[in-house]
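Shown next: entry19.cif, given as mmCIF, C-alpha atoms, pLDDT in the B column; chains and numbers go by the auth columns.
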```cif
data_query
loop_
_atom_site.group_PDB
_atom_site.id
_atom_site.type_symbol
_atom_site.label_atom_id
_atom_site.label_comp_id
_atom_site.label_asym_id
_atom_site.label_seq_id
_atom_site.Cartn_x
_atom_site.Cartn_y
_atom_site.Cartn_z
_atom_site.B_iso_or_equiv
_atom_site.auth_seq_id
_atom_site.auth_asym_id
ATOM 1 C CA MET A 1 -27.403 208.153 -161.138 59.00 1 A
ATOM 2 C CA HIS A 2 -24.898 206.702 -163.596 73.00 2 A
ATOM 3 C CA ILE A 3 -24.773 208.815 -166.732 81.00 3 A
ATOM 4 C CA ASP A 4 -23.827 207.080 -169.960 94.00 4 A
ATOM 5 C CA LEU A 5 -22.500 209.695 -172.403 96.00 5 A
ATOM 6 C CA ASP A 6 -22.868 207.206 -175.289 97.00 6 A
ATOM 7 C CA ALA A 7 -26.601 206.882 -174.573 97.00 7 A
ATOM 8 C CA THR A 8 -26.975 210.648 -174.040 97.00 8 A
ATOM 9 C CA PHE A 9 -25.359 211.614 -177.354 98.00 9 A
ATOM 10 C CA ALA A 10 -27.161 208.789 -179.223 98.00 10 A
ATOM 11 C CA ALA A 11 -30.497 210.019 -177.818 98.00 11 A
ATOM 12 C CA LEU A 12 -29.669 213.573 -178.966 97.00 12 A
ATOM 13 C CA ALA A 13 -28.922 212.372 -182.530 98.00 13 A
ATOM 14 C CA ASP A 14 -32.542 212.681 -183.659 97.00 14 A
ATOM 15 C CA PRO A 15 -34.543 215.851 -184.437 96.00 15 A
ATOM 16 C CA THR A 16 -37.815 214.534 -182.935 96.00 16 A
ATOM 17 C CA ARG A 17 -36.102 213.617 -179.671 97.00 17 A
ATOM 18 C CA ARG A 18 -34.369 217.020 -179.522 96.00 18 A
ATOM 19 C CA ALA A 19 -37.754 218.714 -180.111 95.00 19 A
ATOM 20 C CA ILE A 20 -39.311 216.617 -177.326 95.00 20 A
ATOM 21 C CA LEU A 21 -36.526 217.658 -174.933 95.00 21 A
ATOM 22 C CA ALA A 22 -36.951 221.313 -175.946 92.00 22 A
ATOM 23 C CA ARG A 23 -40.698 221.004 -175.235 93.00 23 A
ATOM 24 C CA LEU A 24 -40.072 219.360 -171.839 93.00 24 A
ATOM 25 C CA ALA A 25 -37.643 222.153 -170.925 89.00 25 A
ATOM 26 C CA THR A 26 -40.736 224.370 -170.649 87.00 26 A
ATOM 27 C CA GLY A 27 -42.490 221.948 -168.268 88.00 27 A
ATOM 28 C CA GLU A 28 -43.814 218.383 -167.985 90.00 28 A
ATOM 29 C CA ALA A 29 -46.167 216.975 -170.630 92.00 29 A
ATOM 30 C CA THR A 30 -48.135 213.806 -171.410 91.00 30 A
ATOM 31 C CA VAL A 31 -47.399 211.546 -174.392 90.00 31 A
ATOM 32 C CA THR A 32 -50.509 212.910 -176.146 90.00 32 A
ATOM 33 C CA GLU A 33 -49.316 216.494 -175.623 92.00 33 A
ATOM 34 C CA LEU A 34 -45.807 215.602 -176.825 93.00 34 A
ATOM 35 C CA ALA A 35 -47.161 213.813 -179.927 92.00 35 A
ATOM 36 C CA ALA A 36 -49.433 216.741 -180.956 91.00 36 A
ATOM 37 C CA PRO A 37 -46.897 218.870 -182.925 91.00 37 A
ATOM 38 C CA PHE A 38 -45.535 215.879 -184.897 89.00 38 A
ATOM 39 C CA ALA A 39 -46.966 214.102 -187.936 87.00 39 A
ATOM 40 C CA MET A 40 -46.223 210.876 -186.122 87.00 40 A
ATOM 41 C CA SER A 41 -48.251 208.115 -184.471 88.00 41 A
ATOM 42 C CA GLN A 42 -48.361 207.892 -180.679 88.00 42 A
ATOM 43 C CA PRO A 43 -46.479 204.528 -180.751 91.00 43 A
ATOM 44 C CA ALA A 44 -43.691 206.204 -182.771 93.00 44 A
ATOM 45 C CA ILE A 45 -43.487 208.996 -180.163 93.00 45 A
ATOM 46 C CA SER A 46 -43.550 206.396 -177.367 93.00 46 A
ATOM 47 C CA LYS A 47 -40.564 204.671 -178.965 96.00 47 A
ATOM 48 C CA HIS A 48 -38.604 207.963 -178.922 97.00 48 A
ATOM 49 C CA LEU A 49 -39.650 208.491 -175.291 96.00 49 A
ATOM 50 C CA ARG A 50 -38.293 205.055 -174.368 96.00 50 A
ATOM 51 C CA VAL A 51 -34.913 205.988 -175.910 97.00 51 A
ATOM 52 C CA LEU A 52 -34.902 209.250 -173.903 97.00 52 A
ATOM 53 C CA GLU A 53 -35.975 207.388 -170.737 96.00 53 A
ATOM 54 C CA ARG A 54 -33.257 204.715 -171.102 96.00 54 A
ATOM 55 C CA ALA A 55 -30.676 207.507 -171.521 96.00 55 A
ATOM 56 C CA GLY A 56 -31.956 209.056 -168.274 95.00 56 A
ATOM 57 C CA LEU A 57 -32.935 212.268 -170.085 95.00 57 A
ATOM 58 C CA ILE A 58 -36.587 212.027 -169.067 95.00 58 A
ATOM 59 C CA SER A 59 -38.547 210.260 -166.359 93.00 59 A
ATOM 60 C CA ARG A 60 -42.224 209.340 -166.145 89.00 60 A
ATOM 61 C CA SER A 61 -44.451 209.169 -163.141 81.00 61 A
ATOM 62 C CA ARG A 62 -45.369 205.502 -162.497 76.00 62 A
ATOM 63 C CA SER A 63 -48.424 206.126 -160.353 68.00 63 A
ATOM 64 C CA ALA A 64 -50.462 208.827 -162.051 68.00 64 A
ATOM 65 C CA GLN A 65 -52.989 207.984 -164.775 75.00 65 A
ATOM 66 C CA ARG A 66 -51.626 210.773 -166.998 78.00 66 A
ATOM 67 C CA ARG A 67 -48.005 209.611 -166.532 84.00 67 A
ATOM 68 C CA PRO A 68 -46.502 212.979 -167.524 91.00 68 A
ATOM 69 C CA CYS A 69 -42.898 213.061 -168.766 93.00 69 A
ATOM 70 C CA ARG A 70 -40.391 215.392 -167.208 92.00 70 A
ATOM 71 C CA LEU A 71 -36.881 216.363 -168.143 92.00 71 A
ATOM 72 C CA ASN A 72 -33.802 215.264 -166.169 91.00 72 A
ATOM 73 C CA ALA A 73 -31.032 217.827 -166.552 87.00 73 A
ATOM 74 C CA GLY A 74 -28.149 215.564 -165.351 88.00 74 A
ATOM 75 C CA PRO A 75 -27.214 213.883 -168.662 92.00 75 A
ATOM 76 C CA LEU A 76 -27.463 217.197 -170.528 91.00 76 A
ATOM 77 C CA GLN A 77 -25.156 218.805 -167.985 88.00 77 A
ATOM 78 C CA GLU A 78 -22.639 215.948 -168.446 90.00 78 A
ATOM 79 C CA ALA A 79 -22.806 216.275 -172.240 93.00 79 A
ATOM 80 C CA THR A 80 -22.330 220.052 -171.972 90.00 80 A
ATOM 81 C CA ALA A 81 -19.393 219.545 -169.580 88.00 81 A
ATOM 82 C CA TRP A 82 -17.691 217.148 -172.013 91.00 82 A
ATOM 83 C CA LEU A 83 -18.066 219.598 -174.915 90.00 83 A
ATOM 84 C CA ALA A 84 -17.000 222.557 -172.750 86.00 84 A
ATOM 85 C CA ALA A 85 -13.794 220.843 -171.550 82.00 85 A
ATOM 86 C CA TYR A 86 -13.089 220.064 -175.138 72.00 86 A
ATOM 87 C CA ARG A 87 -13.804 223.569 -176.392 71.00 87 A
ATOM 88 C CA ASP A 88 -11.449 225.021 -173.762 66.00 88 A
ATOM 89 C CA HIS A 89 -8.697 222.802 -175.132 64.00 89 A
ATOM 90 C CA TRP A 90 -9.480 223.873 -178.653 62.00 90 A
ATOM 91 C CA ALA A 91 -9.442 227.557 -177.617 62.00 91 A
ATOM 92 C CA GLU A 92 -6.048 226.960 -175.958 60.00 92 A
ATOM 93 C CA SER A 93 -4.689 225.511 -179.208 56.00 93 A
ATOM 94 C CA TYR A 94 -5.763 228.706 -180.959 58.00 94 A
ATOM 95 C CA GLN A 95 -4.127 230.757 -178.199 62.00 95 A
ATOM 96 C CA ARG A 96 -0.848 228.857 -178.645 62.00 96 A
ATOM 97 C CA LEU A 97 -1.055 229.473 -182.391 61.00 97 A
ATOM 98 C CA ASP A 98 -1.722 233.179 -181.757 66.00 98 A
ATOM 99 C CA ASN A 99 1.313 233.385 -179.460 70.00 99 A
ATOM 100 C CA LEU A 100 3.471 231.628 -182.048 65.00 100 A
ATOM 101 C CA LEU A 101 2.319 234.035 -184.778 67.00 101 A
ATOM 102 C CA ASP A 102 3.087 236.995 -182.503 74.00 102 A
ATOM 103 C CA GLU A 103 6.588 235.644 -181.911 73.00 103 A
ATOM 104 C CA LEU A 104 7.144 235.073 -185.648 70.00 104 A
ATOM 105 C CA ARG A 105 5.920 238.603 -186.385 74.00 105 A
ATOM 106 C CA ALA A 106 8.300 240.089 -183.777 77.00 106 A
ATOM 107 C CA THR A 107 11.199 238.089 -185.240 73.00 107 A
ATOM 108 C CA GLU A 108 10.361 239.243 -188.787 72.00 108 A
ATOM 109 C CA GLU A 109 10.186 242.870 -187.671 73.00 109 A
ATOM 110 C CA THR A 110 13.601 242.539 -186.031 74.00 110 A
ATOM 111 C CA ALA A 111 15.035 240.898 -189.179 71.00 111 A
ATOM 112 C CA ALA A 112 13.545 243.699 -191.366 69.00 112 A
ATOM 113 C CA GLY A 113 15.560 246.299 -189.438 61.00 113 A
ATOM 114 C CA GLU A 114 12.802 247.559 -187.155 52.00 114 A
ATOM 115 C CA PRO A 115 14.093 248.643 -183.776 53.00 115 A
ATOM 116 C CA ALA A 116 13.931 245.596 -181.523 48.00 116 A
ATOM 117 C CA GLU A 117 13.469 247.723 -178.360 49.00 117 A
ATOM 118 C CA ALA A 118 13.307 245.724 -175.158 47.00 118 A
ATOM 119 C CA GLU A 119 12.166 242.349 -176.613 46.00 119 A
ATOM 120 C CA GLY A 120 15.508 241.356 -178.131 44.00 120 A
ATOM 121 C CA GLY A 121 17.466 242.291 -175.041 43.00 121 A
ATOM 122 C CA ASP A 122 15.588 239.918 -172.739 45.00 122 A
ATOM 123 C CA ARG A 123 17.486 236.851 -173.889 44.00 123 A
ATOM 124 C CA ALA A 124 20.624 236.386 -171.735 41.00 124 A
ATOM 125 C CA MET B 1 -20.510 224.336 -194.249 59.00 125 B
ATOM 126 C CA HIS B 2 -23.835 222.673 -193.490 73.00 126 B
ATOM 127 C CA ILE B 3 -23.754 221.188 -189.997 81.00 127 B
ATOM 128 C CA ASP B 4 -25.967 218.186 -189.354 94.00 128 B
ATOM 129 C CA LEU B 5 -26.647 217.988 -185.604 96.00 129 B
ATOM 130 C CA ASP B 6 -27.912 214.401 -186.015 97.00 130 B
ATOM 131 C CA ALA B 7 -24.561 213.338 -187.480 97.00 131 B
ATOM 132 C CA THR B 8 -22.617 215.347 -184.877 97.00 132 B
ATOM 133 C CA PHE B 9 -24.393 213.810 -181.879 98.00 133 B
ATOM 134 C CA ALA B 10 -24.301 210.316 -183.443 98.00 134 B
ATOM 135 C CA ALA B 11 -20.537 210.663 -183.977 98.00 135 B
ATOM 136 C CA LEU B 12 -20.117 211.725 -180.330 97.00 136 B
ATOM 137 C CA ALA B 13 -22.017 208.644 -179.088 98.00 137 B
ATOM 138 C CA ASP B 14 -18.891 206.457 -178.985 97.00 138 B
ATOM 139 C CA PRO B 15 -16.024 206.525 -176.451 96.00 139 B
ATOM 140 C CA THR B 16 -13.300 205.805 -179.061 96.00 140 B
ATOM 141 C CA ARG B 17 -14.503 208.655 -181.270 97.00 141 B
ATOM 142 C CA ARG B 18 -14.670 211.038 -178.283 96.00 142 B
ATOM 143 C CA ALA B 19 -11.104 210.019 -177.329 95.00 143 B
ATOM 144 C CA ILE B 20 -9.936 210.634 -180.926 95.00 144 B
ATOM 145 C CA LEU B 21 -11.502 214.119 -180.856 95.00 145 B
ATOM 146 C CA ALA B 22 -9.885 214.842 -177.472 92.00 146 B
ATOM 147 C CA ARG B 23 -6.521 213.777 -178.934 93.00 147 B
ATOM 148 C CA LEU B 24 -7.010 215.962 -182.032 93.00 148 B
ATOM 149 C CA ALA B 25 -7.876 218.940 -179.814 89.00 149 B
ATOM 150 C CA THR B 26 -4.176 218.952 -178.884 87.00 150 B
ATOM 151 C CA GLY B 27 -3.053 219.027 -182.547 88.00 151 B
ATOM 152 C CA GLU B 28 -3.240 217.084 -185.814 90.00 152 B
ATOM 153 C CA ALA B 29 -2.246 213.416 -185.937 92.00 153 B
ATOM 154 C CA THR B 30 -1.923 210.556 -188.434 91.00 154 B
ATOM 155 C CA VAL B 31 -4.108 207.426 -188.361 90.00 155 B
ATOM 156 C CA THR B 32 -1.154 205.449 -186.938 90.00 156 B
ATOM 157 C CA GLU B 33 -0.703 207.997 -184.157 92.00 157 B
ATOM 158 C CA LEU B 34 -4.437 208.010 -183.422 93.00 158 B
ATOM 159 C CA ALA B 35 -4.599 204.185 -183.346 92.00 159 B
ATOM 160 C CA ALA B 36 -1.625 203.819 -180.930 91.00 160 B
ATOM 161 C CA PRO B 37 -3.476 204.255 -177.572 90.00 161 B
ATOM 162 C CA PHE B 38 -6.285 201.838 -178.534 89.00 162 B
ATOM 163 C CA ALA B 39 -6.371 198.031 -178.524 87.00 163 B
ATOM 164 C CA MET B 40 -7.925 198.268 -181.958 87.00 164 B
ATOM 165 C CA SER B 41 -6.860 197.501 -185.526 88.00 165 B
ATOM 166 C CA GLN B 42 -6.015 200.353 -187.880 88.00 166 B
ATOM 167 C CA PRO B 43 -9.042 199.502 -190.099 91.00 167 B
ATOM 168 C CA ALA B 44 -11.304 199.772 -187.022 93.00 168 B
ATOM 169 C CA ILE B 45 -9.834 203.203 -186.247 93.00 169 B
ATOM 170 C CA SER B 46 -10.196 204.207 -189.910 93.00 170 B
ATOM 171 C CA LYS B 47 -13.896 203.297 -189.736 96.00 171 B
ATOM 172 C CA HIS B 48 -14.327 205.636 -186.725 97.00 172 B
ATOM 173 C CA LEU B 49 -12.415 208.358 -188.607 96.00 173 B
ATOM 174 C CA ARG B 50 -14.794 208.024 -191.571 96.00 174 B
ATOM 175 C CA VAL B 51 -17.773 208.573 -189.216 97.00 175 B
ATOM 176 C CA LEU B 52 -16.069 211.679 -187.772 97.00 176 B
ATOM 177 C CA GLU B 53 -15.197 212.908 -191.264 96.00 177 B
ATOM 178 C CA ARG B 54 -18.745 212.458 -192.598 96.00 178 B
ATOM 179 C CA ALA B 55 -20.022 214.431 -189.586 96.00 179 B
ATOM 180 C CA GLY B 56 -17.572 217.219 -190.492 95.00 180 B
ATOM 181 C CA LEU B 57 -15.816 216.884 -187.118 95.00 181 B
ATOM 182 C CA ILE B 58 -12.440 216.148 -188.688 95.00 182 B
ATOM 183 C CA SER B 59 -10.796 216.708 -192.049 93.00 183 B
ATOM 184 C CA ARG B 60 -7.844 214.991 -193.682 89.00 184 B
ATOM 185 C CA SER B 61 -5.279 216.433 -196.014 81.00 185 B
ATOM 186 C CA ARG B 62 -5.787 214.897 -199.476 75.00 186 B
ATOM 187 C CA SER B 63 -2.367 215.689 -200.873 68.00 187 B
ATOM 188 C CA ALA B 64 0.187 214.806 -198.200 68.00 188 B
ATOM 189 C CA GLN B 65 1.526 211.254 -197.874 75.00 189 B
ATOM 190 C CA ARG B 66 0.942 211.301 -194.091 78.00 190 B
ATOM 191 C CA ARG B 67 -2.643 212.554 -194.500 84.00 191 B
ATOM 192 C CA PRO B 68 -2.872 213.902 -190.955 91.00 192 B
ATOM 193 C CA CYS B 69 -6.315 214.379 -189.396 93.00 193 B
ATOM 194 C CA ARG B 70 -7.316 217.674 -187.883 92.00 194 B
ATOM 195 C CA LEU B 71 -10.260 218.772 -185.816 92.00 195 B
ATOM 196 C CA ASN B 72 -13.024 221.055 -187.153 91.00 196 B
ATOM 197 C CA ALA B 73 -14.547 223.041 -184.298 87.00 197 B
ATOM 198 C CA GLY B 74 -17.760 224.070 -186.166 89.00 198 B
ATOM 199 C CA PRO B 75 -19.976 221.044 -185.419 92.00 199 B
ATOM 200 C CA LEU B 76 -18.841 220.987 -181.766 91.00 200 B
ATOM 201 C CA GLN B 77 -19.732 224.661 -181.449 88.00 201 B
ATOM 202 C CA GLU B 78 -23.197 223.958 -182.908 90.00 202 B
ATOM 203 C CA ALA B 79 -23.735 221.029 -180.525 93.00 203 B
ATOM 204 C CA THR B 80 -22.609 223.178 -177.569 90.00 204 B
ATOM 205 C CA ALA B 81 -24.918 226.001 -178.702 88.00 205 B
ATOM 206 C CA TRP B 82 -27.904 223.639 -178.857 91.00 206 B
ATOM 207 C CA LEU B 83 -27.232 222.322 -175.349 90.00 207 B
ATOM 208 C CA ALA B 84 -26.548 225.821 -173.992 86.00 208 B
ATOM 209 C CA ALA B 85 -29.845 227.245 -175.352 82.00 209 B
ATOM 210 C CA TYR B 86 -31.546 224.311 -173.776 71.00 210 B
ATOM 211 C CA ARG B 87 -29.780 224.652 -170.425 71.00 211 B
ATOM 212 C CA ASP B 88 -30.764 228.342 -170.253 66.00 212 B
ATOM 213 C CA HIS B 89 -34.389 227.339 -170.672 63.00 213 B
ATOM 214 C CA TRP B 90 -34.013 224.714 -167.972 62.00 214 B
ATOM 215 C CA ALA B 91 -32.406 227.241 -165.625 62.00 215 B
ATOM 216 C CA GLU B 92 -35.354 229.597 -166.296 60.00 216 B
ATOM 217 C CA SER B 93 -37.803 226.847 -165.310 56.00 217 B
ATOM 218 C CA TYR B 94 -35.936 226.529 -162.026 57.00 218 B
ATOM 219 C CA GLN B 95 -36.108 230.301 -161.582 62.00 219 B
ATOM 220 C CA ARG B 96 -39.887 230.269 -162.117 62.00 220 B
ATOM 221 C CA LEU B 97 -40.178 227.460 -159.551 60.00 221 B
ATOM 222 C CA ASP B 98 -38.038 229.472 -157.099 65.00 222 B
ATOM 223 C CA ASN B 99 -40.269 232.511 -157.562 69.00 223 B
ATOM 224 C CA LEU B 100 -43.387 230.388 -157.027 65.00 224 B
ATOM 225 C CA LEU B 101 -41.940 228.908 -153.829 66.00 225 B
ATOM 226 C CA ASP B 102 -41.082 232.403 -152.575 74.00 226 B
ATOM 227 C CA GLU B 103 -44.674 233.492 -153.217 73.00 227 B
ATOM 228 C CA LEU B 104 -46.075 230.424 -151.450 70.00 228 B
ATOM 229 C CA ARG B 105 -43.775 231.039 -148.479 73.00 229 B
ATOM 230 C CA ALA B 106 -44.895 234.660 -148.263 77.00 230 B
ATOM 231 C CA THR B 107 -48.555 233.565 -148.379 73.00 231 B
ATOM 232 C CA GLU B 108 -48.001 230.968 -145.647 71.00 232 B
ATOM 233 C CA GLU B 109 -46.284 233.531 -143.429 73.00 233 B
ATOM 234 C CA THR B 110 -49.260 235.853 -143.881 73.00 234 B
ATOM 235 C CA ALA B 111 -51.702 233.030 -143.050 71.00 235 B
ATOM 236 C CA ALA B 112 -49.667 232.172 -139.913 69.00 236 B
ATOM 237 C CA GLY B 113 -50.263 235.654 -138.523 61.00 237 B
ATOM 238 C CA GLU B 114 -47.056 237.350 -139.672 51.00 238 B
ATOM 239 C CA PRO B 115 -47.537 241.008 -140.591 53.00 239 B
ATOM 240 C CA ALA B 116 -48.590 241.062 -144.257 48.00 240 B
ATOM 241 C CA GLU B 117 -47.086 244.513 -144.914 49.00 241 B
ATOM 242 C CA ALA B 118 -47.552 245.716 -148.497 47.00 242 B
ATOM 243 C CA GLU B 119 -47.899 242.330 -150.281 46.00 243 B
ATOM 244 C CA GLY B 120 -51.487 241.549 -149.219 44.00 244 B
ATOM 245 C CA GLY B 121 -52.764 244.986 -150.178 43.00 245 B
ATOM 246 C CA ASP B 122 -51.697 244.743 -153.806 45.00 246 B
ATOM 247 C CA ARG B 123 -54.751 242.768 -154.914 44.00 247 B
ATOM 248 C CA ALA B 124 -57.525 245.158 -155.968 41.00 248 B
#
```
Before we go any further, please render this structure as structure tokens.
Amino acid sequence: MHIDLDATFAALADPTRRAILARLATGEATVTELAAPFAMSQPAISKHLRVLERAGLISRSRSAQRRPCRLNAGPLQEATAWLAAYRDHWAESYQRLDNLLDELRATEETAAGEPAEAEGGDRA
Amino acid sequence: MHIDLDATFAALADPTRRAILARLATGEATVTELAAPFAMSQPAISKHLRVLERAGLISRSRSAQRRPCRLNAGPLQEATAWLAAYRDHWAESYQRLDNLLDELRATEETAAGEPAEAEGGDRA
């Protein structure tokens, strides 16, 4: 299945749709069951479900009378992977900054007359 | 800082904005620098930057002439946390399904004449 990150993130940008996904994470449910906790008409819920379905986040049985909705994990995994890759990069930036601060601190200590020990002697 | 998940996910629902965030993960950059890799006018890039700024994903120095943009990790961490909580739940559903399948398999083996050992005797 082709996963469209634009559609995934756009679908996640609504509290009702996030609540529907959280509900479906516990198991499949009908439109009536999904609508129950919200002060919202069934057509309004159906509209949110269509957004989730187009984004590939949920699928609905075509044959059964009840047509229960179920969650598809794929797009959520892709979204998580994008954010995780990104967070790693961000963490690395912090690590580089930490290393730089350590170096600056070592240099300052040397300049202040602290014994440089082995660190200063490494440079040829 | 108040983090609005709706605004975060909406801001992420665009490939140019995701590319800008990926670029800023490597360090701060000016609007000109951010616009360079895109076949897009500077005003178009500025519009994307305003969306990212309103979502709290980036901030811009008010005082400096260059006004470089920098990344704010907070909203991305919140978005990752939401997805992670969700994924855990999803993984649990799979675990429950696995357990159920194991039980069914054990029952079938018993029905097929395999020695039932202790399992069958547990029911009072």
Q: Check what the PyMOL selection byres ((chain B) within 10 of (chain A)) selects in the file above and give those residues as a PyMOL selection string.
A: chain B and resi 128-139+142+145-151+195-197+200-201+203-217
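Here the PyMOL selection byres ((chain B and resi 158) around 10) captures the residues Ala143, Ile144, Leu145, Arg147, Leu148, Glu152, Ala153, Thr154, Val155, Thr156, Glu157, Ala159, Ala160, Pro161, Phe162, Gln166, Ile169, Ser170, Leu173, Pro192 and Cys193 of chain B.
Taking CA of Val51 (chain A) and CA of Leu176 (chain B) as endpoints, the distance between them is 23.0 Å.
Here CA of Lys47 (chain A) is placed at a distance of 15.3 Å from CA of Arg67 (chain A).
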Can you sort out the box for region 19-26 of chain A, edges along x, y and z, all listed atoms in, 8 Å on every side, with centre and edge lengths in Å to one decimal, as AutoDock Vina command-line options?
```
--center_x -38.6 --center_y 220.5 --center_z -175.4 --size_x 20.2 --size_y 23.8 --size_z 25.5
```
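In this model, the gap between CA of Ser183 (chain B) and CA of Ala163 (chain B) comes to 23.5 Å.
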Written as an mmCIF file with C-alpha atoms, in the coordinates of the input, which residues does the PyMOL selection byres ((chain B and resi 126) around 10) give for the file shown?
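Writing the result to expr06.cif gives the following:
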```cif
data_model
loop_
_atom_site.group_PDB
_atom_site.id
_atom_site.type_symbol
_atom_site.label_atom_id
_atom_site.label_comp_id
_atom_site.auth_asym_id
_atom_site.auth_seq_id
_atom_site.Cartn_x
_atom_site.Cartn_y
_atom_site.Cartn_z
ATOM 1 C CA MET B 125 -20.510 224.336 -194.249
ATOM 2 C CA ILE B 127 -23.754 221.188 -189.997
ATOM 3 C CA ASP B 128 -25.967 218.186 -189.354
ATOM 4 C CA LEU B 129 -26.647 217.988 -185.604
ATOM 5 C CA ALA B 179 -20.022 214.431 -189.586
ATOM 6 C CA GLY B 180 -17.572 217.219 -190.492
ATOM 7 C CA GLY B 198 -17.760 224.070 -186.166
ATOM 8 C CA PRO B 199 -19.976 221.044 -185.419
#
```
Q) Quick one: of A:Glu103, A:Ala111, A:Arg62, A:Arg17, who's nearest to His48 (chain A), counting all atoms listed in the file? A) A:Arg17
